[in-house]
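Printed here is my_file.txt (compact mmCIF, C-alpha atoms):
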# COMPACT_ATOMS: atom_id res chain seq x y z
CA MET G 1154 -35.03 6.86 -4.61
CA ARG G 1155 -33.30 4.15 -2.61
CA LEU G 1156 -33.60 0.45 -1.97
CA VAL G 1157 -33.73 -0.68 1.65
CA ILE G 1158 -33.36 -4.32 2.62
CA ASP G 1159 -33.79 -5.12 6.30
CA GLY G 1160 -33.49 -8.36 8.24
CA LEU G 1161 -33.89 -10.51 5.15
CA ALA G 1162 -33.72 -14.28 5.57
CA SER G 1163 -34.05 -17.08 3.07
CA ILE G 1164 -34.71 -20.74 3.75
CA ARG G 1165 -34.66 -23.03 0.74
CA SER G 1166 -35.96 -26.59 1.12
CA GLY G 1167 -35.38 -26.48 4.87
CA ARG G 1168 -31.80 -25.20 4.59
CA PRO G 1169 -31.06 -21.63 5.75
CA VAL G 1170 -29.24 -19.77 2.95
CA PHE G 1171 -28.74 -16.46 4.72
CA SER G 1172 -30.40 -14.51 7.52
CA GLY G 1173 -30.40 -11.04 9.03
CA LEU G 1174 -29.28 -9.51 5.75
CA GLY G 1175 -29.53 -5.74 5.61
CA LEU G 1176 -28.31 -3.22 3.07
CA VAL G 1177 -29.16 0.14 1.56
CA LEU G 1178 -28.68 1.08 -2.08
CA GLU G 1179 -28.84 4.77 -2.99
CA ALA G 1180 -29.80 6.17 -6.39
CA GLY G 1181 -26.86 6.13 -8.78
CA GLU G 1182 -25.12 3.42 -6.82
CA ALA G 1183 -23.99 -0.04 -7.87
CA LEU G 1184 -23.55 -3.01 -5.61
CA ALA G 1185 -21.54 -6.11 -6.44
CA ILE G 1186 -22.68 -9.18 -4.55
CA MET G 1187 -19.77 -11.54 -4.09
CA GLY G 1188 -19.47 -14.86 -2.33
CA PRO G 1189 -18.70 -18.51 -2.96
CA ASN G 1190 -21.00 -20.84 -4.89
CA GLY G 1191 -24.16 -21.58 -2.94
CA ALA G 1192 -23.87 -18.49 -0.75
CA GLY G 1193 -27.25 -17.28 -1.98
CA LYS G 1194 -26.28 -14.57 -4.49
CA SER G 1195 -28.86 -15.68 -7.04
CA SER G 1196 -31.46 -16.33 -4.34
CA LEU G 1197 -30.99 -12.78 -3.05
CA LEU G 1198 -31.55 -11.30 -6.50
CA ARG G 1199 -34.59 -13.49 -7.11
CA ILE G 1200 -36.08 -12.49 -3.74
CA VAL G 1201 -35.61 -8.79 -4.55
CA ALA G 1202 -37.20 -9.43 -7.96
CA GLY G 1203 -40.19 -11.00 -6.21
CA LEU G 1204 -39.63 -14.37 -7.87
CA LEU G 1205 -38.84 -16.15 -4.61
CA PRO G 1206 -40.58 -15.57 -1.29
CA ALA G 1207 -38.36 -14.38 1.58
CA SER G 1208 -38.88 -16.29 4.80
CA GLU G 1209 -38.61 -13.04 6.76
CA GLY G 1210 -37.51 -9.46 6.36
CA ARG G 1211 -38.49 -6.42 4.38
CA ILE G 1212 -37.54 -5.03 0.98
CA GLN G 1213 -38.68 -1.55 0.07
CA LEU G 1214 -38.05 0.94 -2.68
CA GLU G 1215 -38.28 4.30 -0.96
CA GLY G 1216 -39.25 7.28 -3.06
CA GLY G 1217 -41.02 5.25 -5.72
CA ASP G 1218 -44.69 5.02 -6.60
CA VAL G 1219 -46.35 3.24 -3.67
CA ASP G 1220 -48.80 1.47 -5.96
CA THR G 1221 -46.13 -0.10 -8.15
CA PRO G 1222 -44.76 -3.40 -6.84
CA LEU G 1223 -40.98 -3.69 -6.66
CA ALA G 1224 -40.98 -6.33 -9.41
CA GLU G 1225 -42.28 -3.72 -11.87
CA GLU G 1226 -39.52 -1.29 -10.89
CA ALA G 1227 -36.79 -3.80 -11.66
CA HIS G 1228 -35.15 -5.46 -14.63
CA TYR G 1229 -33.99 -8.99 -13.92
CA LEU G 1230 -31.23 -10.53 -16.00
CA GLY G 1231 -30.83 -14.14 -14.91
CA HIS G 1232 -28.55 -16.93 -16.03
CA ARG G 1233 -30.91 -17.68 -18.85
CA ASP G 1234 -31.37 -15.17 -21.63
CA ALA G 1235 -35.16 -15.59 -22.06
CA LEU G 1236 -34.88 -15.75 -25.86
CA LYS G 1237 -37.02 -17.70 -28.31
CA PRO G 1238 -34.95 -19.29 -31.08
CA SER G 1239 -37.54 -18.63 -33.77
CA LEU G 1240 -38.02 -14.92 -33.03
CA THR G 1241 -35.68 -12.29 -34.46
CA PRO G 1242 -33.95 -9.84 -32.08
CA LEU G 1243 -36.21 -7.07 -33.34
CA GLU G 1244 -39.36 -9.11 -32.67
CA THR G 1245 -38.03 -10.17 -29.25
CA LEU G 1246 -37.35 -6.62 -28.12
CA GLY G 1247 -40.59 -5.33 -29.64
CA PHE G 1248 -42.51 -7.94 -27.68
CA TRP G 1249 -40.81 -7.16 -24.36
CA GLN G 1250 -41.30 -3.45 -24.94
CA SER G 1251 -45.07 -3.85 -25.41
CA LEU G 1252 -45.27 -6.17 -22.43
CA LEU G 1253 -43.11 -4.20 -20.00
CA GLY G 1254 -44.41 -0.73 -20.83
CA ARG G 1255 -42.66 2.56 -19.95
CA PRO G 1256 -40.63 2.50 -23.20
CA LEU G 1257 -37.14 4.00 -23.33
CA GLU G 1258 -35.14 3.20 -26.49
CA THR G 1259 -36.64 1.82 -29.69
CA PRO G 1260 -35.72 -1.85 -30.29
CA GLN G 1261 -33.52 -0.92 -33.28
CA LYS G 1262 -31.58 1.69 -31.28
CA ALA G 1263 -31.14 -0.72 -28.36
CA LEU G 1264 -29.75 -3.37 -30.73
CA GLU G 1265 -27.27 -0.87 -32.18
CA GLN G 1266 -26.14 0.06 -28.67
CA VAL G 1267 -25.22 -3.54 -27.89
CA GLY G 1268 -23.66 -4.00 -31.33
CA LEU G 1269 -26.33 -6.25 -32.81
CA GLY G 1270 -27.79 -3.82 -35.37
CA HIS G 1271 -26.73 -6.08 -38.26
CA THR G 1272 -28.54 -9.16 -36.88
CA ALA G 1273 -31.87 -7.41 -36.25
CA ASN G 1274 -33.81 -9.67 -38.59
CA LEU G 1275 -31.97 -12.94 -38.09
CA PRO G 1276 -33.72 -15.60 -35.95
CA SER G 1277 -32.10 -15.70 -32.50
CA ALA G 1278 -31.22 -19.37 -33.02
CA TYR G 1279 -28.37 -18.25 -35.30
CA LEU G 1280 -26.76 -15.98 -32.69
CA SER G 1281 -23.65 -17.03 -30.75
CA ALA G 1282 -23.72 -17.33 -26.96
CA GLY G 1283 -22.14 -13.90 -26.56
CA GLN G 1284 -24.56 -12.32 -29.02
CA LYS G 1285 -27.50 -13.89 -27.17
CA ARG G 1286 -26.21 -12.40 -23.93
CA ARG G 1287 -25.94 -8.99 -25.61
CA LEU G 1288 -29.49 -9.31 -26.89
CA ALA G 1289 -30.60 -10.07 -23.31
CA LEU G 1290 -28.73 -6.93 -22.21
CA ALA G 1291 -30.56 -4.90 -24.88
CA ARG G 1292 -33.79 -5.74 -23.04
CA LEU G 1293 -32.59 -3.53 -20.17
CA LEU G 1294 -32.55 -0.53 -22.50
CA ILE G 1295 -36.02 -0.70 -24.05
CA ALA G 1296 -38.08 -0.17 -20.89
CA HIS G 1297 -37.47 2.18 -17.97
CA ARG G 1298 -36.75 0.41 -14.69
CA PRO G 1299 -34.75 2.18 -11.94
CA LEU G 1300 -33.38 -1.03 -10.45
CA TRP G 1301 -31.30 -3.52 -12.46
CA LEU G 1302 -30.82 -6.98 -10.94
CA LEU G 1303 -28.04 -8.71 -12.84
CA ASP G 1304 -26.96 -12.30 -12.25
CA GLU G 1305 -23.49 -12.92 -13.68
CA PRO G 1306 -24.08 -10.26 -16.34
CA THR G 1307 -20.72 -10.61 -18.05
CA SER G 1308 -20.79 -14.37 -18.58
CA ALA G 1309 -20.16 -15.26 -22.25
CA LEU G 1310 -19.16 -11.67 -23.08
CA ASP G 1311 -15.84 -10.93 -24.78
CA ALA G 1312 -13.58 -8.05 -23.70
CA ALA G 1313 -15.06 -5.53 -26.14
CA SER G 1314 -18.61 -6.41 -25.11
CA GLU G 1315 -17.67 -6.06 -21.47
CA VAL G 1316 -16.52 -2.50 -22.13
CA MET G 1317 -19.84 -1.86 -23.91
CA PHE G 1318 -21.72 -3.36 -20.94
CA ASN G 1319 -19.80 -1.19 -18.45
CA GLY G 1320 -20.77 1.85 -20.49
CA LEU G 1321 -24.46 0.89 -20.36
CA VAL G 1322 -24.34 0.39 -16.60
CA MET G 1323 -22.55 3.69 -16.03
CA ALA G 1324 -25.10 5.55 -18.15
CA HIS G 1325 -27.88 3.91 -16.14
CA LEU G 1326 -26.22 4.92 -12.86
CA ALA G 1327 -25.64 8.46 -14.10
CA SER G 1328 -29.35 8.82 -14.76
CA GLY G 1329 -30.09 7.92 -11.13
CA GLY G 1330 -30.56 4.19 -11.56
CA MET G 1331 -29.45 1.42 -9.23
CA VAL G 1332 -27.65 -1.82 -10.02
CA MET G 1333 -27.30 -5.02 -7.99
CA ALA G 1334 -25.03 -7.53 -9.66
CA ALA G 1335 -24.08 -11.01 -8.49
CA THR G 1336 -20.62 -11.74 -9.77
CA HIS G 1337 -17.41 -13.71 -9.31
CA ALA G 1338 -15.15 -11.50 -11.43
CA PRO G 1339 -14.53 -7.88 -10.48
CA LEU G 1340 -16.82 -5.51 -12.37
CA GLY G 1341 -15.50 -2.78 -14.62
CA PHE G 1342 -17.33 0.09 -12.95
CA ALA G 1343 -17.21 1.75 -9.54
CA CYS G 1344 -19.31 -0.20 -7.07
CA ARG G 1345 -19.60 -1.18 -3.44
CA THR G 1346 -19.04 -4.81 -2.64
CA PHE G 1347 -21.30 -6.90 -0.45
CA THR G 1348 -20.02 -10.34 0.47
CA LEU G 1349 -22.38 -13.14 1.35
CA GLY G 1350 -21.08 -15.75 3.79
CA GLY G 1351 -20.01 -19.21 2.76
CA ARG G 1352 -21.67 -22.52 3.40
CA SER G 1353 -22.63 -23.04 7.01
CA MET U 1141 -52.52 -3.56 -20.05
CA ILE U 1142 -54.57 -4.47 -23.11
CA ALA U 1143 -51.52 -3.79 -25.31
CA ALA U 1144 -49.41 -6.09 -23.11
CA PHE U 1145 -52.08 -8.81 -23.26
CA ILE U 1146 -52.26 -8.59 -27.05
CA ALA U 1147 -48.46 -8.58 -27.34
CA LEU U 1148 -48.16 -11.83 -25.38
CA PHE U 1149 -51.11 -13.40 -27.20
CA ARG U 1150 -49.57 -12.52 -30.59
CA ARG U 1151 -46.11 -13.71 -29.59
CA ASP U 1152 -47.47 -17.12 -28.61
CA LEU U 1153 -49.44 -17.41 -31.85
CA VAL U 1154 -46.31 -16.55 -33.86
CA LEU U 1155 -44.17 -19.00 -31.85
CA GLY U 1156 -46.75 -21.73 -32.38
CA ALA U 1157 -46.82 -21.21 -36.12
CA ARG U 1158 -43.02 -21.08 -36.64
CA ILE U 1159 -40.58 -23.97 -36.86
CA GLY U 1160 -40.32 -25.81 -33.54
CA GLY U 1161 -43.60 -24.33 -32.34
CA GLY U 1162 -45.43 -27.62 -32.53
CA ALA U 1163 -48.85 -26.21 -33.36
CA GLY U 1164 -49.34 -28.80 -36.12
CA VAL U 1165 -48.34 -31.83 -34.06
CA GLY U 1166 -51.70 -32.27 -32.35
CA LEU U 1167 -53.55 -31.85 -35.63
CA VAL U 1168 -51.44 -34.50 -37.38
CA PHE U 1169 -51.94 -36.86 -34.42
CA PHE U 1170 -55.71 -36.25 -34.60
CA LEU U 1171 -55.65 -36.99 -38.32
CA MET U 1172 -53.72 -40.23 -37.80
CA LEU U 1173 -55.98 -41.48 -35.00
CA VAL U 1174 -59.12 -40.89 -37.05
CA THR U 1175 -57.79 -42.32 -40.31
CA ILE U 1176 -56.62 -45.61 -38.78
CA MET U 1177 -59.97 -46.20 -37.05
CA PRO U 1178 -61.84 -47.46 -40.14
CA PHE U 1179 -59.01 -49.97 -40.71
CA ALA U 1180 -59.30 -51.23 -37.16
CA VAL U 1181 -63.09 -51.33 -37.03
CA GLY U 1182 -63.62 -52.73 -40.51
CA PRO U 1183 -65.70 -51.54 -43.47
CA ASP U 1184 -69.01 -51.50 -41.64
CA MET U 1185 -70.47 -48.10 -42.60
CA ALA U 1186 -73.35 -48.25 -40.14
CA LEU U 1187 -71.07 -49.10 -37.23
CA LEU U 1188 -68.60 -46.37 -38.17
CA ALA U 1189 -71.36 -43.79 -38.42
CA ARG U 1190 -72.64 -44.81 -35.01
CA ILE U 1191 -69.29 -44.64 -33.18
CA GLY U 1192 -67.84 -41.84 -35.38
CA PRO U 1193 -68.64 -38.93 -33.05
CA ALA U 1194 -67.06 -40.80 -30.14
CA ILE U 1195 -63.93 -41.52 -32.20
CA LEU U 1196 -63.60 -37.85 -33.13
CA TRP U 1197 -64.07 -36.72 -29.55
CA VAL U 1198 -61.61 -39.23 -28.04
CA ALA U 1199 -59.07 -38.40 -30.74
CA ALA U 1200 -59.49 -34.67 -30.10
CA LEU U 1201 -59.03 -35.17 -26.36
CA LEU U 1202 -55.82 -37.18 -26.85
CA ALA U 1203 -54.54 -34.70 -29.45
CA THR U 1204 -55.10 -31.86 -26.98
CA LEU U 1205 -52.88 -33.61 -24.43
CA ILE U 1206 -49.97 -33.80 -26.87
CA GLY U 1207 -48.84 -30.20 -26.97
CA LEU U 1208 -49.96 -29.18 -23.49
CA ASP U 1209 -46.73 -29.94 -21.66
CA ARG U 1210 -44.95 -27.13 -23.55
CA LEU U 1211 -47.57 -24.49 -22.60
CA PHE U 1212 -45.55 -23.12 -19.65
CA GLN U 1213 -42.50 -25.39 -19.76
CA ALA U 1214 -40.93 -23.65 -22.75
CA ASP U 1215 -41.12 -20.26 -21.00
CA ASP U 1216 -39.93 -21.78 -17.74
CA GLU U 1217 -36.85 -23.37 -19.33
CA ASP U 1218 -35.53 -20.29 -21.08
CA GLY U 1219 -36.27 -17.89 -18.22
CA SER U 1220 -39.10 -16.02 -19.97
CA LEU U 1221 -41.57 -17.06 -17.28
CA ASP U 1222 -39.57 -15.12 -14.65
CA LEU U 1223 -39.87 -11.98 -16.75
CA LEU U 1224 -43.56 -12.58 -17.44
CA ARG U 1225 -44.13 -12.88 -13.69
CA MET U 1226 -42.39 -9.54 -13.12
CA SER U 1227 -44.23 -7.71 -15.92
CA PRO U 1228 -47.04 -5.23 -15.25
CA LEU U 1229 -49.50 -7.69 -16.83
CA PRO U 1230 -51.16 -9.56 -13.92
CA LEU U 1231 -50.27 -13.25 -13.87
CA PRO U 1232 -53.86 -14.50 -14.40
CA LEU U 1233 -53.96 -12.47 -17.63
CA VAL U 1234 -50.58 -13.93 -18.65
CA VAL U 1235 -52.07 -17.40 -18.19
CA LEU U 1236 -55.25 -16.41 -20.04
CA ALA U 1237 -53.33 -14.94 -23.00
CA LYS U 1238 -51.11 -18.00 -23.26
CA GLY U 1239 -54.07 -20.37 -22.89
CA LEU U 1240 -56.13 -18.62 -25.57
CA ALA U 1241 -53.19 -18.53 -27.99
CA HIS U 1242 -52.56 -22.21 -27.28
CA TRP U 1243 -56.20 -23.05 -27.98
CA ILE U 1244 -56.22 -21.13 -31.26
CA SER U 1245 -53.06 -22.85 -32.47
CA THR U 1246 -53.88 -26.38 -31.24
CA GLY U 1247 -57.55 -26.75 -30.24
CA LEU U 1248 -59.38 -24.72 -32.85
CA PRO U 1249 -57.75 -26.55 -35.81
CA LEU U 1250 -59.10 -29.84 -34.39
CA ALA U 1251 -62.67 -28.53 -34.38
CA LEU U 1252 -62.25 -27.13 -37.89
CA ALA U 1253 -60.79 -30.39 -39.21
CA ALA U 1254 -63.49 -32.52 -37.59
CA PRO U 1255 -66.15 -32.19 -40.34
CA PHE U 1256 -63.67 -33.30 -43.02
CA LEU U 1257 -62.45 -36.25 -40.97
CA GLY U 1258 -66.06 -37.06 -40.13
CA LEU U 1259 -66.57 -37.85 -43.83
CA LEU U 1260 -64.02 -40.66 -43.46
CA LEU U 1261 -66.19 -42.12 -40.71
CA ALA U 1262 -69.38 -41.97 -42.84
CA LEU U 1263 -71.05 -39.44 -40.55
CA GLU U 1264 -74.29 -37.91 -41.80
CA PRO U 1265 -74.39 -34.09 -42.23
CA LYS U 1266 -76.31 -33.54 -39.01
CA ALA U 1267 -73.67 -35.47 -37.05
CA LEU U 1268 -70.86 -33.54 -38.74
CA LEU U 1269 -72.45 -30.29 -37.64
CA ALA U 1270 -73.04 -31.53 -34.08
CA VAL U 1271 -69.49 -32.84 -33.64
CA THR U 1272 -67.98 -29.62 -34.98
CA GLY U 1273 -70.19 -27.49 -32.74
CA THR U 1274 -69.48 -29.50 -29.61
CA LEU U 1275 -65.73 -29.56 -30.34
CA LEU U 1276 -65.72 -25.78 -30.87
CA VAL U 1277 -67.11 -25.36 -27.37
CA GLY U 1278 -65.37 -28.35 -25.80
CA THR U 1279 -61.75 -27.84 -26.93
CA PRO U 1280 -61.26 -24.57 -24.97
CA ALA U 1281 -62.50 -26.44 -21.89
CA LEU U 1282 -59.92 -29.17 -22.54
CA THR U 1283 -57.14 -26.60 -23.06
CA PHE U 1284 -57.85 -24.70 -19.86
CA ILE U 1285 -58.28 -27.84 -17.75
CA GLY U 1286 -54.96 -28.96 -19.22
CA ALA U 1287 -53.39 -25.61 -18.36
CA ILE U 1288 -53.66 -26.55 -14.67
CA GLY U 1289 -51.57 -29.66 -15.25
CA ALA U 1290 -49.20 -27.76 -17.54
CA ALA U 1291 -48.57 -25.16 -14.82
CA LEU U 1292 -48.03 -27.83 -12.15
CA THR U 1293 -45.52 -29.74 -14.28
CA ALA U 1294 -43.81 -26.71 -15.88
CA GLY U 1295 -40.55 -27.22 -14.00
CA MET U 1296 -40.44 -30.98 -14.57
CA ARG U 1297 -38.48 -32.87 -17.16
CA ARG U 1298 -40.72 -35.35 -18.98
CA GLY U 1299 -43.72 -33.88 -17.22
CA GLY U 1300 -46.04 -34.84 -20.08
CA LEU U 1301 -46.98 -38.21 -18.61
CA ILE U 1302 -47.80 -36.85 -15.14
CA LEU U 1303 -49.71 -34.03 -16.80
CA SER U 1304 -51.89 -36.49 -18.72
CA VAL U 1305 -52.60 -38.55 -15.62
CA LEU U 1306 -53.45 -35.40 -13.66
CA VAL U 1307 -55.82 -33.78 -16.10
CA MET U 1308 -57.42 -36.75 -17.88
CA PRO U 1309 -59.96 -37.43 -15.07
CA LEU U 1310 -60.93 -33.76 -15.05
CA MET U 1311 -61.56 -33.87 -18.79
CA ILE U 1312 -64.04 -36.76 -18.60
CA PRO U 1313 -67.12 -34.58 -17.85
CA VAL U 1314 -66.35 -32.52 -20.96
CA LEU U 1315 -66.11 -35.73 -23.01
CA ILE U 1316 -69.40 -37.06 -21.60
CA PHE U 1317 -71.38 -33.92 -22.35
CA GLY U 1318 -69.71 -33.41 -25.72
CA ILE U 1319 -70.74 -36.90 -26.82
CA SER U 1320 -74.21 -36.75 -25.28
CA ALA U 1321 -74.92 -33.43 -27.02
CA THR U 1322 -73.88 -35.01 -30.31
CA SER U 1323 -76.08 -38.07 -29.84
CA ALA U 1324 -78.95 -35.84 -28.69
CA ALA U 1325 -78.70 -34.00 -32.01
CA LEU U 1326 -78.96 -37.33 -33.85
CA SER U 1327 -81.51 -39.36 -31.89
CA GLY U 1328 -83.73 -36.54 -30.67
CA THR U 1329 -84.85 -38.26 -27.46
CA ILE U 1330 -83.65 -35.26 -25.47
CA PRO U 1331 -83.27 -31.71 -26.84
CA PHE U 1332 -79.77 -30.88 -28.15
CA MET U 1333 -79.53 -27.75 -26.04
CA THR U 1334 -79.77 -29.60 -22.71
CA PRO U 1335 -76.37 -31.34 -22.75
CA PHE U 1336 -74.94 -28.56 -24.97
CA SER U 1337 -75.72 -25.93 -22.31
CA VAL U 1338 -73.92 -28.04 -19.73
CA LEU U 1339 -70.95 -28.27 -22.12
CA ILE U 1340 -70.90 -24.48 -22.50
CA ALA U 1341 -71.07 -24.13 -18.72
CA LEU U 1342 -68.15 -26.55 -18.34
CA ALA U 1343 -66.13 -24.53 -20.86
CA LEU U 1344 -66.77 -21.26 -19.03
CA PHE U 1345 -66.02 -22.89 -15.69
CA ALA U 1346 -62.75 -24.33 -17.05
CA LEU U 1347 -61.78 -20.94 -18.49
CA VAL U 1348 -62.04 -19.28 -15.09
CA SER U 1349 -60.96 -22.05 -12.72
CA GLY U 1350 -58.17 -23.25 -15.03
CA THR U 1351 -56.75 -19.73 -15.23
CA VAL U 1352 -56.88 -19.23 -11.47
CA ALA U 1353 -55.49 -22.68 -10.62
CA ALA U 1354 -52.65 -22.39 -13.15
CA THR U 1355 -51.79 -18.94 -11.78
CA LEU U 1356 -51.53 -20.32 -8.25
CA ALA U 1357 -49.42 -23.24 -9.44
CA ILE U 1358 -46.95 -20.91 -11.18
CA GLN U 1359 -46.78 -18.51 -8.24
CA ASN U 1360 -45.95 -21.29 -5.81
CA ALA U 1361 -43.60 -23.27 -8.03
CA GLU U 1362 -40.54 -22.15 -6.07
CA GLY U 1363 -40.40 -21.81 -2.34

Just dump the structure as structure tokens.
Amino acid sequence: MRLVIDGLASIRSGRPVFSGLGLVLEAGEALAIMGPNGAGKSSLLRIVAGLLPASEGRIQLEGGDVDTPLAEEAHYLGHRDALKPSLTPLETLGFWQSLLGRPLETPQKALEQVGLGHTANLPSAYLSAGQKRRLALARLLIAHRPLWLLDEPTSALDAASEVMFNGLVMAHLASGGMVMAATHAPLGFACRTFTLGGRS
Amino acid sequence: MIAAFIALFRRDLVLGARIGGGAGVGLVFFLMLVTIMPFAVGPDMALLARIGPAILWVAALLATLIGLDRLFQADDEDGSLDLLRMSPLPLPLVVLAKGLAHWISTGLPLALAAPFLGLLLALEPKALLAVTGTLLVGTPALTFIGAIGAALTAGMRRGGLILSVLVMPLMIPVLIFGISATSAALSGTIPFMTPFSVLIALALFALVSGTVAATLAIQNAEG
């Protein structure tokens, strides 16, 4: 399985963000997308996720089920954690698991993997920023998606959590998954780097 | 797909019922509007009984508008809407599940409270029954018409006002046929079922067109 992006261009409110973007991501490979603020890192991830329309170009997941849209083959972790303050972590993950389908880990196991086993039944409102980010990361583990689209995945994480996160990513890559991560800081796992140009 | 639909429907019901969910706000507003009416109109029982159904319907319409702005905005703000859009559940079904859950937590309580509040307005039993019946059918129409405005204003801060202005005109036919069915049940000059059938048709039409229009609005929110 591999992701092929060809001749991709994005125009947002009349302003070209990037154009002629092409890259190939093989199974088991990670790609760090670097670039200054406003270079279009987040836009690129959102276009791949199908949340933003591309003005031109082609994105294809080769070797996947032709009937499944790319959005359903990808996990998207944005700036926002998509948590409801009044739901507990266990309820949150249970809900996403039923909605996303193709279950992988049980919610309880996923919480233990990100070190939140002890807060399973506490409303998410009581979690710290770092714990909320870890809960958002746990969502990646409960449903099978070959492609992970991560936007600043390590923001709000402490050093120990970053090591935990690197472990999760490496396990995902080892099982043939793919990762695209927009980031400013260097990532703690082996990855190619793709740099988006600055402001034009 | 059915499991995913039920999961989303249940999550929205739970969120509505918990602290910060706001399911009770519309009901309390409805209660306040109806209870202050007799003070404003005066202790004229005959007058109250005559305008009672209209008071209940107008109050229910305004109470419906109160919670609508949060229907998609809450999910848009915290990023959940992005994930819902990427999920295997088709977007129209996402909208339908959220709309139905919203109706059950905000619209249905209004219809169920109407007969008790009708007593405050000196409505006769036949009128109580007619108002409750028309509200049961009319409130889902109001919710799904409102869903269009809620989807259009999901990304807007303080979108509630624009939402009300957008959807209020579309709600007027529902109000007209809701009231005329109620008065038909009381006066008997035309059969009750004539305006009531139109009300049912409006509700079904709103269910379908509201879902489709809200889906399109969410899909094209960014570009």

- Task: Enter the distance from CA of Ile1186 in chain G to CA of Leu1349 in chain G, in Å, rounded to one decimal.
- Result: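 CA of Ile1186 in chain G sits 7.1 Å away from CA of Leu1349 in chain G.
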
- Message: Could you tell me how far CA of Glu1226 in chain G sits from CA of Ile1142 in chain U, in Å to one decimal place?
- Response: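 Going from CA of Ile1142 in chain U over to CA of Glu1226 in chain G covers 19.6 Å.
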
- Just the residues within 8 Å of Ala1207 in chain G, please, counting only C-alpha atoms, with nothing from its chain fewer than 4 positions along; format it as a PyMOL selection string. chain G and resi 1161-1164+1200

Do you have, as a Markdown table, the list of residues of chain G lying at most 12 Å from chain U, each with its nearest atom pair and that distance in Å to one decimal, counting all atoms listed in the file and ordered by chain then number?
| residue | atom | partner | partner_atom | distance |
| --- | --- | --- | --- | --- |
| G:Ser1163 | CA | U:Gly1363 | CA | 9.6 |
| G:Ile1164 | CA | U:Gly1363 | CA | 8.4 |
| G:Arg1165 | CA | U:Gly1363 | CA | 6.6 |
| G:Ser1166 | CA | U:Gly1363 | CA | 7.4 |
| G:Gly1167 | CA | U:Gly1363 | CA | 9.9 |
| G:Arg1168 | CA | U:Gly1363 | CA | 11.6 |
| G:Ser1196 | CA | U:Gly1363 | CA | 10.7 |
| G:Arg1199 | CA | U:Asp1222 | CA | 9.2 |
| G:Ile1200 | CA | U:Gly1363 | CA | 10.4 |
| G:Val1201 | CA | U:Met1226 | CA | 11.0 |
| G:Ala1202 | CA | U:Met1226 | CA | 7.3 |
| G:Gly1203 | CA | U:Met1226 | CA | 7.4 |
| G:Leu1204 | CA | U:Asp1222 | CA | 6.8 |
| G:Leu1205 | CA | U:Gly1363 | CA | 6.3 |
| G:Pro1206 | CA | U:Gly1363 | CA | 6.3 |
| G:Ala1207 | CA | U:Gly1363 | CA | 8.6 |
| G:Ser1208 | CA | U:Gly1363 | CA | 9.2 |
| G:Asp1220 | CA | U:Pro1228 | CA | 11.6 |
| G:Thr1221 | CA | U:Pro1228 | CA | 8.8 |
| G:Pro1222 | CA | U:Pro1228 | CA | 8.9 |
| G:Leu1223 | CA | U:Met1226 | CA | 8.8 |
| G:Ala1224 | CA | U:Met1226 | CA | 5.1 |
| G:Glu1225 | CA | U:Met1226 | CA | 6.0 |
| G:Glu1226 | CA | U:Met1226 | CA | 9.0 |
| G:Ala1227 | CA | U:Met1226 | CA | 8.2 |
| G:His1228 | CA | U:Leu1223 | CA | 8.3 |
| G:Tyr1229 | CA | U:Leu1223 | CA | 7.2 |
| G:Leu1230 | CA | U:Leu1223 | CA | 8.8 |
| G:Gly1231 | CA | U:Gly1219 | CA | 7.4 |
| G:His1232 | CA | U:Gly1219 | CA | 8.1 |
| G:Arg1233 | CA | U:Gly1219 | CA | 5.4 |
| G:Asp1234 | CA | U:Gly1219 | CA | 6.6 |
| G:Ala1235 | CA | U:Ser1220 | CA | 4.5 |
| G:Leu1236 | CA | U:Asp1218 | CA | 6.6 |
| G:Lys1237 | CA | U:Asp1218 | CA | 7.8 |
| G:Pro1238 | CA | U:Gly1160 | CA | 8.8 |
| G:Ser1239 | CA | U:Arg1158 | CA | 6.7 |
| G:Leu1240 | CA | U:Leu1155 | CA | 7.5 |
| G:Thr1241 | CA | U:Leu1155 | CA | 11.1 |
| G:Glu1244 | CA | U:Arg1151 | CA | 8.7 |
| G:Thr1245 | CA | U:Arg1151 | CA | 8.8 |
| G:Leu1246 | CA | U:Ala1147 | CA | 11.3 |
| G:Gly1247 | CA | U:Ala1147 | CA | 8.8 |
| G:Phe1248 | CA | U:Ala1147 | CA | 6.0 |
| G:Trp1249 | CA | U:Ala1147 | CA | 8.3 |
| G:Gln1250 | CA | U:Ala1144 | CA | 8.7 |
| G:Ser1251 | CA | U:Ala1144 | CA | 5.4 |
| G:Leu1252 | CA | U:Ala1144 | CA | 4.2 |
| G:Leu1253 | CA | U:Ser1227 | CA | 5.5 |
| G:Gly1254 | CA | U:Pro1228 | CA | 7.6 |
| G:Arg1255 | CA | U:Pro1228 | CA | 10.1 |
| G:Pro1276 | CA | U:Arg1158 | CA | 10.8 |
| G:Ala1278 | CA | U:Ile1159 | CA | 11.1 |
| G:Lys1285 | CA | U:Asp1218 | CA | 11.9 |
| G:Ala1289 | CA | U:Ser1220 | CA | 10.9 |
| G:Arg1292 | CA | U:Leu1223 | CA | 10.7 |
| G:Leu1293 | CA | U:Leu1223 | CA | 11.7 |
| G:Ala1296 | CA | U:Ser1227 | CA | 10.9 |
| G:Arg1298 | CA | U:Ser1227 | CA | 11.1 |
| G:Leu1302 | CA | U:Leu1223 | CA | 11.9 |

- Task: May I ask which of the residues U:Pro1265, U:Gly1239, U:Pro1249, U:Pro1183 is the closest one to Asp1152 in chain U, counting all atoms listed in the file?
- Result: U:Gly1239

- Item | Gap from CA of His1297 in chain G to CA of Ser1281 in chain G - Å, one decimal | 26.9 Å
